[in-house]
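Engineer: File name work37.txt; file contents compact mmCIF, C-alpha atoms and all ligand atoms; full text below.
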# COMPACT_ATOMS: atom_id res chain seq x y z
CA MET A 25 25.80 68.80 -9.34
CA ILE A 26 24.02 67.26 -12.31
CA LYS A 27 24.89 63.76 -13.52
CA ILE A 28 23.51 61.71 -16.35
CA ILE A 29 23.56 57.95 -15.93
CA LYS A 30 22.84 55.79 -18.96
CA GLY A 31 22.01 52.08 -19.25
CA ASN A 32 19.16 49.57 -19.27
CA ILE A 33 16.85 51.06 -16.65
CA VAL A 34 14.32 48.83 -14.87
CA PHE A 35 12.17 49.89 -11.90
CA THR A 36 8.65 49.62 -10.47
CA PRO A 37 6.67 52.84 -9.89
CA THR A 38 3.69 50.52 -9.21
CA PRO A 39 3.63 46.83 -8.22
CA ASP A 40 1.75 45.62 -11.31
CA LYS A 41 4.50 46.05 -13.91
CA PHE A 42 8.10 46.98 -14.60
CA THR A 43 8.99 50.26 -16.26
CA VAL A 44 11.77 49.45 -18.72
CA LEU A 45 13.95 51.91 -20.66
CA PRO A 46 16.53 50.17 -22.87
CA HIS A 47 19.60 52.40 -23.06
CA GLY A 48 17.71 55.12 -21.19
CA HIS A 49 18.96 58.11 -19.22
CA ILE A 50 18.54 59.10 -15.58
CA LEU A 51 19.16 62.75 -14.77
CA VAL A 52 20.44 63.09 -11.19
CA SER A 53 20.73 66.46 -9.50
CA ASP A 54 22.02 66.85 -5.93
CA GLY A 55 21.53 63.14 -5.31
CA LYS A 56 17.92 63.09 -6.49
CA VAL A 57 16.35 61.88 -9.70
CA LYS A 58 15.16 64.82 -11.84
CA GLY A 59 13.78 62.65 -14.59
CA VAL A 60 14.11 59.45 -16.59
CA TYR A 61 14.28 59.77 -20.36
CA GLN A 62 14.51 57.42 -23.30
CA GLU A 63 15.96 60.25 -25.39
CA LEU A 64 17.90 62.88 -23.52
CA PRO A 65 16.18 66.30 -23.80
CA ARG A 66 18.08 68.81 -25.91
CA GLU A 67 19.00 71.10 -22.98
CA TYR A 68 21.00 68.31 -21.28
CA ARG A 69 22.87 67.10 -24.36
CA ASN A 70 26.11 68.90 -23.54
CA LEU A 71 26.41 67.31 -20.09
CA ALA A 72 28.83 64.43 -19.48
CA ILE A 73 27.24 60.98 -19.45
CA THR A 74 28.26 58.01 -17.33
CA ASP A 75 27.39 55.26 -19.80
CA TYR A 76 26.99 51.78 -18.34
CA GLY A 77 26.49 50.27 -21.78
CA ASP A 78 24.41 47.10 -21.78
CA ARG A 79 24.28 46.79 -18.00
CA LEU A 80 21.10 46.98 -15.95
CA ILE A 81 20.37 49.93 -13.66
CA ILE A 82 17.91 49.09 -10.89
CA PRO A 83 16.99 50.74 -7.55
CA GLY A 84 19.02 49.67 -4.50
CA MET A 85 17.67 47.08 -2.09
CA ASN A 86 15.99 48.16 1.16
CA ASP A 87 16.27 45.58 3.94
CA LEU A 88 13.68 46.53 6.53
CA HIS A 89 14.47 44.01 9.25
CA CYS A 90 17.83 42.60 10.27
CA HIS A 91 19.83 41.93 13.44
CA ALA A 92 23.36 43.24 12.85
CA SER A 93 24.38 41.70 16.17
CA GLN A 94 23.46 38.17 15.05
CA PHE A 95 25.85 38.21 12.10
CA LYS A 96 28.13 35.55 13.60
CA HIS A 97 25.21 33.12 13.68
CA VAL A 98 24.18 33.50 10.04
CA GLY A 99 23.74 30.03 8.53
CA MET A 100 23.79 28.09 11.81
CA ALA A 101 21.76 27.27 14.92
CA MET A 102 18.49 26.50 13.13
CA ASP A 103 17.28 23.58 15.27
CA LYS A 104 15.03 25.41 17.71
CA GLU A 105 11.85 27.44 17.47
CA LEU A 106 11.69 31.09 18.43
CA ILE A 107 11.74 31.28 22.24
CA PRO A 108 14.26 28.45 22.85
CA TRP A 109 16.26 29.77 19.88
CA LEU A 110 16.52 33.17 21.59
CA GLU A 111 17.41 31.64 24.97
CA ASN A 112 19.93 29.09 23.71
CA TYR A 113 21.68 30.92 20.90
CA THR A 114 20.75 34.54 20.45
CA PHE A 115 20.84 36.02 23.95
CA PRO A 116 24.26 34.51 24.81
CA GLU A 117 25.69 35.84 21.54
CA GLU A 118 24.18 39.32 21.94
CA ALA A 119 25.53 39.52 25.51
CA LYS A 120 29.05 39.59 24.03
CA PHE A 121 28.39 43.08 22.65
CA GLN A 122 29.10 44.50 26.08
CA ASP A 123 32.66 44.31 24.69
CA THR A 124 32.94 47.10 22.12
CA LYS A 125 35.95 45.46 20.47
CA TYR A 126 33.93 42.34 19.78
CA ALA A 127 31.03 44.47 18.55
CA GLU A 128 33.30 46.38 16.17
CA LYS A 129 34.62 43.23 14.62
CA ILE A 130 31.18 41.76 13.98
CA TYR A 131 29.68 45.05 12.81
CA GLN A 132 32.54 45.74 10.37
CA ASN A 133 32.06 42.38 8.73
CA PHE A 134 28.31 42.83 8.74
CA ILE A 135 28.39 46.18 6.94
CA LYS A 136 30.87 44.89 4.35
CA GLU A 137 28.57 41.96 3.64
CA ILE A 138 25.38 43.95 3.15
CA TRP A 139 27.30 46.43 0.97
CA LYS A 140 28.49 43.48 -1.10
CA GLN A 141 24.97 42.11 -1.53
CA GLY A 142 23.51 45.35 -2.89
CA THR A 143 21.61 46.53 0.16
CA THR A 144 21.73 50.30 0.05
CA ARG A 145 19.44 51.02 3.03
CA ILE A 146 18.71 48.88 6.04
CA VAL A 147 16.87 48.92 9.36
CA VAL A 148 18.76 47.00 12.03
CA PHE A 149 18.59 45.84 15.62
CA ALA A 150 21.87 46.25 17.51
CA THR A 151 21.85 44.97 21.13
CA VAL A 152 20.96 46.47 24.51
CA HIS A 153 24.45 48.00 24.76
CA LYS A 154 24.73 51.75 24.30
CA GLU A 155 28.43 52.00 23.44
CA SER A 156 28.37 49.23 20.84
CA THR A 157 25.20 50.63 19.29
CA MET A 158 26.86 54.02 18.90
CA ARG A 159 29.83 52.36 17.18
CA LEU A 160 27.42 50.77 14.73
CA LEU A 161 25.81 54.14 14.02
CA ASP A 162 29.25 55.68 13.41
CA MET A 163 30.28 52.82 11.13
CA PHE A 164 27.17 53.21 9.03
CA ILE A 165 27.83 56.95 8.77
CA ASN A 166 31.36 56.15 7.52
CA SER A 167 30.08 53.59 5.04
CA GLY A 168 27.79 55.96 3.09
CA LEU A 169 24.93 53.46 3.24
CA GLY A 170 21.54 54.46 4.68
CA ALA A 171 20.40 52.95 7.97
CA TYR A 172 18.10 53.10 10.94
CA VAL A 173 19.89 51.61 13.92
CA GLY A 174 18.04 50.50 17.07
CA LYS A 175 19.48 50.06 20.52
CA VAL A 176 17.43 47.11 21.76
CA ASN A 177 15.25 47.61 24.86
CA MET A 178 14.89 44.60 27.14
CA ASP A 179 14.11 44.83 30.85
CA ASN A 180 11.77 41.85 31.30
CA ASN A 181 11.46 38.09 30.75
CA CYS A 182 15.08 37.52 29.79
CA PRO A 183 18.18 36.16 31.52
CA ASP A 184 19.88 38.46 34.05
CA TYR A 185 23.05 38.61 31.99
CA ILE A 186 21.27 40.57 29.27
CA ARG A 187 18.44 42.25 31.20
CA GLU A 188 18.58 46.03 31.45
CA ASN A 189 17.70 48.21 34.38
CA SER A 190 14.47 49.90 33.20
CA ALA A 191 15.53 53.47 33.89
CA ASP A 192 18.94 52.91 32.24
CA SER A 193 17.30 51.38 29.19
CA LEU A 194 15.22 54.51 28.71
CA LYS A 195 18.08 56.92 29.47
CA ASP A 196 20.52 55.16 27.10
CA THR A 197 17.91 55.23 24.34
CA GLU A 198 17.30 58.94 24.84
CA ASP A 199 21.04 59.69 24.93
CA ILE A 200 21.50 57.97 21.57
CA ILE A 201 18.55 59.83 20.07
CA ILE A 202 19.90 63.20 21.22
CA LYS A 203 23.37 62.43 19.90
CA TYR A 204 22.39 60.92 16.53
CA GLN A 205 19.01 62.35 15.59
CA ASN A 206 20.51 65.11 13.45
CA LYS A 207 24.05 63.85 12.96
CA SER A 208 23.58 62.36 9.50
CA PRO A 209 20.92 62.64 6.80
CA LEU A 210 21.25 58.92 6.02
CA VAL A 211 21.80 57.22 9.37
CA LYS A 212 19.30 57.63 12.20
CA PRO A 213 18.22 56.05 15.48
CA ILE A 214 15.01 54.02 15.79
CA ILE A 215 13.17 52.97 18.96
CA THR A 216 13.48 49.19 19.33
CA PRO A 217 11.58 47.34 22.04
CA ARG A 218 12.73 43.80 21.20
CA PHE A 219 9.16 42.46 21.34
CA ALA A 220 6.30 42.89 23.80
CA PRO A 221 7.45 40.12 26.20
CA SER A 222 10.91 41.61 26.70
CA CYS A 223 9.70 45.00 27.98
CA SER A 224 7.93 45.99 31.18
CA GLU A 225 4.74 47.99 30.79
CA TRP A 226 6.53 50.97 32.31
CA LEU A 227 9.28 50.79 29.68
CA LEU A 228 6.82 50.32 26.80
CA ALA A 229 4.89 53.39 27.96
CA GLU A 230 8.06 55.49 28.31
CA LEU A 231 9.37 54.40 24.88
CA GLY A 232 6.04 55.43 23.35
CA LYS A 233 6.37 58.87 24.94
CA LEU A 234 9.99 59.15 23.85
CA GLY A 235 9.11 58.35 20.26
CA GLN A 236 6.52 61.09 20.17
CA LYS A 237 8.68 63.63 21.99
CA PHE A 238 11.47 63.36 19.40
CA GLY A 239 9.47 62.12 16.40
CA ILE A 240 11.47 58.87 16.19
CA PRO A 241 10.20 55.79 14.31
CA VAL A 242 9.64 52.43 15.99
CA GLN A 243 10.45 48.83 15.08
CA SER A 244 9.63 45.54 16.76
CA HIS A 245 8.47 41.96 16.18
CA LEU A 246 4.80 40.99 15.86
CA SER A 247 2.83 37.72 15.71
CA GLU A 248 5.77 35.63 14.56
CA ASN A 249 5.28 32.25 16.27
CA LYS A 250 2.37 30.42 17.93
CA ASN A 251 3.95 30.05 21.37
CA GLU A 252 5.06 33.67 21.29
CA VAL A 253 1.51 34.88 20.47
CA LYS A 254 0.09 32.73 23.31
CA TRP A 255 2.70 34.08 25.70
CA VAL A 256 1.79 37.67 24.81
CA GLN A 257 -1.90 36.90 25.48
CA LYS A 258 -0.94 35.61 28.92
CA LEU A 259 1.39 38.50 29.75
CA PHE A 260 -1.03 41.19 28.55
CA PRO A 261 -4.55 39.88 29.30
CA ASP A 262 -6.11 43.32 28.76
CA ALA A 263 -4.88 43.60 25.17
CA ASP A 264 -7.34 42.48 22.47
CA TYR A 265 -4.51 40.97 20.39
CA TYR A 266 -0.71 41.20 20.10
CA GLY A 267 -0.55 44.47 18.13
CA ASP A 268 -2.96 46.03 20.60
CA VAL A 269 -0.18 45.88 23.24
CA TYR A 270 2.01 48.18 21.15
CA ARG A 271 -0.98 50.40 20.36
CA GLN A 272 -1.76 50.86 24.05
CA TYR A 273 1.69 52.35 24.52
CA ASP A 274 1.79 54.51 21.37
CA LEU A 275 4.19 52.14 19.65
CA PHE A 276 1.93 51.17 16.76
CA GLY A 277 1.87 54.00 14.27
CA ALA A 278 2.07 57.05 16.57
CA THR A 279 5.36 57.59 14.70
CA PRO A 280 6.35 55.61 11.53
CA THR A 281 6.38 51.96 12.59
CA LEU A 282 7.78 48.69 11.27
CA MET A 283 6.57 45.31 12.50
CA ALA A 284 8.56 42.24 11.50
CA HIS A 285 6.93 38.91 10.58
CA CYS A 286 3.15 39.35 11.16
CA SER A 287 2.84 35.71 10.08
CA LEU A 288 -0.06 35.04 12.45
CA SER A 289 -1.77 38.44 12.43
CA SER A 290 -5.53 38.29 12.95
CA GLU A 291 -8.04 40.19 10.84
CA GLU A 292 -8.31 42.81 13.60
CA GLU A 293 -4.56 43.19 13.82
CA MET A 294 -4.30 43.72 10.08
CA LYS A 295 -7.10 46.27 10.24
CA LEU A 296 -5.21 48.28 12.86
CA MET A 297 -2.01 48.07 10.81
CA LYS A 298 -3.84 49.53 7.86
CA GLU A 299 -5.53 52.28 9.91
CA ASN A 300 -2.28 53.24 11.68
CA ASN A 301 -0.10 52.99 8.58
CA VAL A 302 2.10 50.34 10.19
CA LEU A 303 4.43 48.67 7.69
CA ALA A 304 4.58 44.85 7.79
CA VAL A 305 8.03 43.39 7.10
CA HIS A 306 7.94 40.01 5.40
CA CYS A 307 10.86 37.77 6.48
CA PRO A 308 10.27 34.48 4.62
CA THR A 309 13.74 32.93 5.12
CA SER A 310 13.58 33.50 8.86
CA ASN A 311 10.02 32.20 9.13
CA LEU A 312 11.19 28.95 7.52
CA ASN A 313 14.44 28.57 9.48
CA VAL A 314 13.00 29.29 12.91
CA GLY A 315 10.01 27.13 12.02
CA SER A 316 7.46 29.87 12.55
CA GLY A 317 5.44 29.08 9.45
CA LEU A 318 4.50 31.15 6.43
CA MET A 319 3.20 34.70 6.14
CA PRO A 320 0.19 35.11 3.83
CA ILE A 321 1.55 38.19 2.07
CA ARG A 322 -1.35 38.42 -0.41
CA ARG A 323 -3.78 39.03 2.46
CA PHE A 324 -1.74 42.09 3.46
CA MET A 325 -1.63 43.33 -0.13
CA ASP A 326 -5.39 42.86 -0.55
CA ARG A 327 -5.94 45.03 2.52
CA GLY A 328 -3.61 47.78 1.29
CA ILE A 329 -1.11 47.34 4.15
CA LYS A 330 2.35 48.75 3.41
CA LEU A 331 4.98 46.04 2.96
CA GLY A 332 8.74 45.63 2.94
CA LEU A 333 11.14 42.68 2.92
CA GLY A 334 13.56 41.71 5.66
CA SER A 335 16.59 39.40 5.69
CA ASP A 336 16.13 39.04 9.49
CA LEU A 337 19.68 37.78 9.94
CA SER A 338 20.33 35.45 11.70
CA GLY A 339 16.86 33.91 11.86
CA GLY A 340 17.19 34.41 8.12
CA HIS A 341 20.36 33.02 6.53
CA LEU A 342 20.57 35.13 3.34
CA PRO A 343 21.83 38.72 3.41
CA SER A 344 20.84 39.27 -0.24
CA LEU A 345 17.40 40.80 -0.67
CA MET A 346 17.31 39.32 -4.19
CA LYS A 347 17.31 35.89 -2.60
CA VAL A 348 14.74 36.95 0.00
CA MET A 349 12.57 38.07 -2.94
CA VAL A 350 12.78 34.56 -4.39
CA TYR A 351 11.69 33.04 -1.06
CA ALA A 352 8.82 35.54 -0.86
CA ILE A 353 7.63 34.44 -4.31
CA GLN A 354 8.08 30.75 -3.54
CA THR A 355 6.28 30.84 -0.20
CA SER A 356 3.40 32.80 -1.77
CA LYS A 357 3.02 29.91 -4.22
CA ILE A 358 2.38 27.52 -1.34
CA PHE A 359 -0.64 29.64 -0.37
CA TRP A 360 -1.66 29.72 -4.04
CA ALA A 361 -1.50 25.93 -4.35
CA ASN A 362 -3.15 25.29 -0.97
CA SER A 363 -5.99 27.72 -1.72
CA GLU A 364 -6.90 25.98 -5.00
CA LYS A 365 -5.35 28.99 -6.76
CA GLN A 366 -7.67 31.45 -5.00
CA MET A 367 -4.81 33.36 -3.40
CA ASP A 368 -2.62 34.78 -6.15
CA PHE A 369 1.11 34.26 -5.82
CA LEU A 370 3.50 37.21 -5.93
CA THR A 371 4.56 38.29 -9.40
CA ASN A 372 8.14 39.34 -10.11
CA SER A 373 7.18 42.99 -10.32
CA GLU A 374 5.26 42.82 -7.04
CA ALA A 375 8.21 41.23 -5.21
CA PHE A 376 10.59 43.76 -6.75
CA PHE A 377 8.31 46.65 -5.80
CA ILE A 378 8.19 45.47 -2.17
CA ALA A 379 12.00 45.17 -1.98
CA THR A 380 12.56 48.60 -3.54
CA LYS A 381 9.77 51.20 -3.43
CA GLY A 382 7.63 49.48 -0.76
CA GLY A 383 10.43 49.16 1.78
CA GLY A 384 12.08 52.35 0.55
CA SER A 385 9.05 54.39 1.63
CA PHE A 386 10.26 54.04 5.22
CA PHE A 387 13.31 56.18 4.36
CA GLY A 388 11.47 58.91 2.46
CA LYS A 389 11.38 59.05 -1.34
CA VAL A 390 13.55 55.97 -1.85
CA GLY A 391 13.31 52.87 -4.05
CA SER A 392 12.22 54.25 -7.41
CA PHE A 393 13.59 56.36 -10.27
CA GLU A 394 10.59 58.70 -10.39
CA ALA A 395 11.36 62.42 -10.18
CA GLY A 396 12.14 63.52 -6.62
CA TYR A 397 13.44 60.12 -5.49
CA ASP A 398 16.90 59.75 -3.96
CA PHE A 399 19.15 58.14 -6.55
CA ASP A 400 19.86 54.80 -4.85
CA ALA A 401 20.87 52.32 -7.53
CA LEU A 402 22.69 49.13 -8.42
CA ILE A 403 24.58 48.67 -11.68
CA ILE A 404 24.23 45.02 -12.68
CA ASP A 405 26.70 43.36 -15.01
CA ASP A 406 24.87 40.14 -15.87
CA GLU A 407 26.77 39.36 -19.05
CA GLU A 408 27.67 35.83 -17.98
CA LEU A 409 23.97 35.04 -17.31
CA ASN A 410 22.95 36.59 -20.57
CA TYR A 411 24.48 34.60 -23.41
CA LEU A 412 21.27 34.34 -25.45
CA ASP A 413 18.55 36.80 -26.37
CA TYR A 414 16.73 37.69 -23.18
CA THR A 415 14.44 40.67 -22.69
CA LEU A 416 15.48 43.15 -20.01
CA GLU A 417 12.73 41.82 -17.71
CA GLU A 418 13.97 38.27 -18.23
CA ARG A 419 17.53 39.40 -17.53
CA LEU A 420 16.42 40.99 -14.27
CA GLU A 421 14.48 37.86 -13.29
CA ARG A 422 17.53 35.67 -13.99
CA PHE A 423 19.78 37.99 -12.02
CA ILE A 424 17.35 37.84 -9.05
CA TYR A 425 17.12 34.03 -9.18
CA LEU A 426 20.64 33.11 -10.33
CA GLY A 427 22.86 36.11 -9.77
CA ASP A 428 24.92 37.18 -6.81
CA ASP A 429 27.30 39.89 -5.65
CA ARG A 430 29.73 39.14 -8.48
CA HIS A 431 27.20 40.69 -10.84
CA ILE A 432 26.86 43.93 -8.87
CA LEU A 433 29.29 46.37 -10.42
CA HIS A 434 28.41 49.53 -8.46
CA ARG A 435 26.12 50.78 -5.72
CA TYR A 436 24.80 54.35 -5.42
CA VAL A 437 23.14 55.92 -2.39
CA SER A 438 21.65 59.41 -2.70
CA GLY A 439 23.62 59.96 -5.89
CA ASN A 440 26.99 58.95 -4.40
CA LEU A 441 28.98 55.97 -5.61
CA ILE A 442 29.57 53.88 -2.48
CA LYS A 443 32.92 52.12 -2.28
CA LYS A 444 33.53 48.96 -0.27
CA PRO A 445 33.81 50.06 3.39
CA ASP A 446 37.52 50.22 4.21
CA PHE A 447 37.40 49.18 7.85
N1 LIG B 1 11.60 38.02 18.46
C1 LIG B 1 12.25 38.62 19.48
N2 LIG B 1 13.58 38.67 19.23
C2 LIG B 1 13.77 38.11 18.02
C3 LIG B 1 14.92 37.89 17.20
O1 LIG B 1 16.05 38.22 17.55
N3 LIG B 1 14.70 37.28 16.00
C4 LIG B 1 13.46 36.91 15.59
N4 LIG B 1 13.32 36.32 14.41
N5 LIG B 1 12.37 37.09 16.34
C5 LIG B 1 12.52 37.70 17.54
FE FE B 2 13.97 39.71 13.91
What does the file become when written as C-alpha cells?
Structural biologist:
Amino acid sequence: MIKIIKGNIVFTPTPDKFTVLPHGHILVSDGKVKGVYQELPREYRNLAITDYGDRLIIPGMNDLHCHASQFKHVGMAMDKELIPWLENYTFPEEAKFQDTKYAEKIYQNFIKEIWKQGTTRIVVFATVHKESTMRLLDMFINSGLGAYVGKVNMDNNCPDYIRENSADSLKDTEDIIIKYQNKSPLVKPIITPRFAPSCSEWLLAELGKLGQKFGIPVQSHLSENKNEVKWVQKLFPDADYYGDVYRQYDLFGATPTLMAHCSLSSEEEMKLMKENNVLAVHCPTSNLNVGSGLMPIRRFMDRGIKLGLGSDLSGGHLPSLMKVMVYAIQTSKIFWANSEKQMDFLTNSEAFFIATKGGGSFFGKVGSFEAGYDFDALIIDDEELNYLDYTLEERLERFIYLGDDRHILHRYVSGNLIKKPDF
C-alpha cells in the first residue's frame, strides 16, 4: 500500500542540522519511507494525498529507558537518593505486580499516557513477575506502539519479598523469550538484569548466555550514583570498573545493549562502550530528581558513543520526550558554563536527533524520514503557539519547549495511524 503524506516536514538525518521541507511530501510504502520530496514526482501524482496543511510532521519519539511498573510513583517520592529510594519506595511498589490485576491497571494507564505524549517506541522495565510482564507485552501488541519489554532479574541484595529464586529467574526469562521473540514485529522481549548489585554472578553469567543463544538485546543501569558505583566496586573487586562487570558476563555489547544513566562513567568505561557499540541512555530528569548529578553528554558525543534519551519514570517525572529534550539541553548548559564554555551545549538539532534517530537506531531503521526508514511520525498542530511569523525550525523549538499533548494531532508507527489504546 502506497500513501502520500503532505505537510511541513522536519527531521534530522544528521545531528548538526534540521532537514526542512515546507509543504513537502513523504511517500510511504508498506509502512516504510520510500522518499521525501518537495515536489511530488510525476509518476506519483495520481495517488491520493493525506494533506496535513500547515501542520508539522516530525519523527515519533523513542524513549529508551523507562520503568512501566513505577508509573504510580511518577511525580512523587523524590526525597531520597538511589539506593534508599529503591528500598523505601520502588521495591515495595514493584512487589505489588505479583497481582496481575493491579499490574493491568497500572500498565493500561501507562500505555495510554505514553501514547498521549507522542512516544511511538519505548524500552521498558516491567518487574520480576512473569505473568504481569506477559500482560504488558500483550498490551503493547494491542496498542500498535513499538516496545522492548524486560522482565526484571533480581536474585541478590534486595528484600526477600521481591527477591527471585535464581533458577526461576532464568527460566521465567527464557519462557518469555520463547513465547514472544517472534510474536510481533514491533514488540519484543529484552534481557533486563536490574543492575549489577541485584544479580548473583551465576545469574549474570546465565543471562549473558541466554542473550547470545536467542540473539536478544540487553538493558540495565550503569554508573548512575556515587554510592552505587562504590557498592559495585566492593561487590565485584575483580572488575576494573562498573561496566566491566557486565562485560565479564557478555552483557555489554555481545548483543545490542542499552545502559541507562552513565553519569559517572570513567574514560575506560566510555572506551569500552564505544568499542562494544553500547548505547548510553541519557536520563536528565531522573538524574536531577534522584540527586545523582549530571551526565556530561558532550563527552559521549565527542567519543562517538551512540546515545538515546530516557524518561526513566518514575525517577524521572516527565513522560514526554520533548520535555526530556529540554532538560538534556539545559543540563548540558551547566557543563558549558562550568567549563568556561569549553564544553559545547547541546543544540536543538542534536537533542532532536538523539530523541529520534539516535534512540531509534535500537529498533532498526527508525527515527528519520530517509528512504528505508519505518514511517513513525507525529502530526503537530501548533497553531495556537504560532500566531506570528515563525520559521518551521522556530515552530518546532517552541513546540518542544512550550507544547504538550494537546498539540499532537496524530501518531504513526510503521505507517499505521495509532488510535488511543481502548483498554
Ligand atoms: N538502578 C537500579 N534500579 C533502578 C531504578 O528502578 N531506577 C533508577 N533510576 N535506577 C535504578
Ligand atoms: Fe531506570
Engineer: Counting only C-alpha atoms and all ligand atoms, figure out which residue out of A:Asp75, A:Glu117, A:Glu407, A:Glu292 gets nearest to ligand LIG 1 (chain B).
Structural biologist: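 For ligand LIG 1 (chain B), the nearest of the candidates is A:Glu117.
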Engineer: May I have the protein, DNA and RNA residues with any atom at most 12 Å from the point (21.1, 40.2, -18.9), counting all atoms listed in the file, written as a PDB file with C-alpha atoms, keeping the file's coordinate frame?
Structural biologist:
ATOM      1  CA  GLY A  31      22.010  52.080 -19.250  1.00  0.00           C
ATOM      2  CA  ASN A  32      19.160  49.570 -19.270  1.00  0.00           C
ATOM      3  CA  ILE A  33      16.850  51.060 -16.650  1.00  0.00           C
ATOM      4  CA  VAL A  34      14.320  48.830 -14.870  1.00  0.00           C
ATOM      5  CA  PRO A  46      16.530  50.170 -22.870  1.00  0.00           C
ATOM      6  CA  GLY A  77      26.490  50.270 -21.780  1.00  0.00           C
ATOM      7  CA  ASP A  78      24.410  47.100 -21.780  1.00  0.00           C
ATOM      8  CA  ARG A  79      24.280  46.790 -18.000  1.00  0.00           C
ATOM      9  CA  LEU A  80      21.100  46.980 -15.950  1.00  0.00           C
ATOM     10  CA  ILE A  81      20.370  49.930 -13.660  1.00  0.00           C
ATOM     11  CA  ILE A 403      24.580  48.670 -11.680  1.00  0.00           C
ATOM     12  CA  ILE A 404      24.230  45.020 -12.680  1.00  0.00           C
ATOM     13  CA  ASP A 405      26.700  43.360 -15.010  1.00  0.00           C
ATOM     14  CA  ASP A 406      24.870  40.140 -15.870  1.00  0.00           C
ATOM     15  CA  GLU A 407      26.770  39.360 -19.050  1.00  0.00           C
ATOM     16  CA  GLU A 408      27.670  35.830 -17.980  1.00  0.00           C
ATOM     17  CA  LEU A 409      23.970  35.040 -17.310  1.00  0.00           C
ATOM     18  CA  ASN A 410      22.950  36.590 -20.570  1.00  0.00           C
ATOM     19  CA  TYR A 411      24.480  34.600 -23.410  1.00  0.00           C
ATOM     20  CA  LEU A 412      21.270  34.340 -25.450  1.00  0.00           C
ATOM     21  CA  ASP A 413      18.550  36.800 -26.370  1.00  0.00           C
ATOM     22  CA  TYR A 414      16.730  37.690 -23.180  1.00  0.00           C
ATOM     23  CA  THR A 415      14.440  40.670 -22.690  1.00  0.00           C
ATOM     24  CA  LEU A 416      15.480  43.150 -20.010  1.00  0.00           C
ATOM     25  CA  GLU A 417      12.730  41.820 -17.710  1.00  0.00           C
ATOM     26  CA  GLU A 418      13.970  38.270 -18.230  1.00  0.00           C
ATOM     27  CA  ARG A 419      17.530  39.400 -17.530  1.00  0.00           C
ATOM     28  CA  LEU A 420      16.420  40.990 -14.270  1.00  0.00           C
ATOM     29  CA  GLU A 421      14.480  37.860 -13.290  1.00  0.00           C
ATOM     30  CA  ARG A 422      17.530  35.670 -13.990  1.00  0.00           C
ATOM     31  CA  PHE A 423      19.780  37.990 -12.020  1.00  0.00           C
ATOM     32  CA  ILE A 424      17.350  37.840  -9.050  1.00  0.00           C
ATOM     33  CA  LEU A 426      20.640  33.110 -10.330  1.00  0.00           C
ATOM     34  CA  GLY A 427      22.860  36.110  -9.770  1.00  0.00           C
ATOM     35  CA  HIS A 431      27.200  40.690 -10.840  1.00  0.00           C
TER      36      HIS A 431
END
Engineer: Which polymer residues have any atom within 8 Å of an atom of Tyr436 of chain A, counting all atoms listed in the file, with same-chain residues fewer than 3 positions away left out, as a PDB file with C-alpha atoms, keeping the file's coordinate frame?
Structural biologist:
ATOM      1  CA  GLY A  84      19.020  49.670  -4.500  1.00  0.00           C
ATOM      2  CA  THR A 144      21.730  50.300   0.050  1.00  0.00           C
ATOM      3  CA  PHE A 399      19.150  58.140  -6.550  1.00  0.00           C
ATOM      4  CA  ASP A 400      19.860  54.800  -4.850  1.00  0.00           C
ATOM      5  CA  ALA A 401      20.870  52.320  -7.530  1.00  0.00           C
ATOM      6  CA  LEU A 402      22.690  49.130  -8.420  1.00  0.00           C
ATOM      7  CA  GLY A 439      23.620  59.960  -5.890  1.00  0.00           C
ATOM      8  CA  ASN A 440      26.990  58.950  -4.400  1.00  0.00           C
ATOM      9  CA  LEU A 441      28.980  55.970  -5.610  1.00  0.00           C
ATOM     10  CA  ILE A 442      29.570  53.880  -2.480  1.00  0.00           C
TER      11      ILE A 442
END
Engineer: Please return as number ranges by chain the residues found within 9 Å of ligand FE 2 (chain B), counting all atoms listed in the file.
Structural biologist: A: 89-91, 148-149, 218, 244-245, 284-285, 307, 310, 334-340
Engineer: Grab the atom CA of Arg159 of chain A to atom CA of Phe121 of chain A distance for me, in Å with one decimal place.
Structural biologist: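 According to the coordinates, atom CA of Arg159 of chain A and atom CA of Phe121 of chain A are separated by 10.9 Å.
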Engineer: With all atoms listed in the file counted, which protein, DNA or RNA residues have an atom no more than 12 Å from (20.6, 37.0, 1.3) in the file frame? Please answer as a count of residues only.
Structural biologist: 40
Engineer: Calculated over only C-alpha atoms, which of the candidates A:Ser356, A:Thr157, A:Asn133, A:Gln257 has the smallest distance to Lys212 of chain A?
Structural biologist: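 Once distances to Lys212 of chain A are computed over only C-alpha atoms, the minimum belongs to A:Thr157.
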Engineer: For atom CA of Lys237 of chain A and atom CA of Val256 of chain A, quote the distance in Å rounded to one decimal.
Structural biologist: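 Atom CA of Lys237 of chain A sits 27.0 Å away from atom CA of Val256 of chain A.
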Engineer: Pick from A:Phe276, A:Phe260, A:Phe95, A:Phe369: nearest to ligand LIG 1 (chain B), with all atoms listed in the file counted?
Structural biologist: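 Checking each of A:Phe276, A:Phe260, A:Phe95, A:Phe369 against ligand LIG 1 (chain B), counting all atoms listed in the file, the winner is A:Phe95.
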Engineer: What does the distance between atom CA of Leu88 of chain A and atom CA of Lys136 of chain A come to in Å, to one decimal place?
Structural biologist: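 Spanning atom CA of Leu88 of chain A to atom CA of Lys136 of chain A is a straight-line distance of 17.4 Å.
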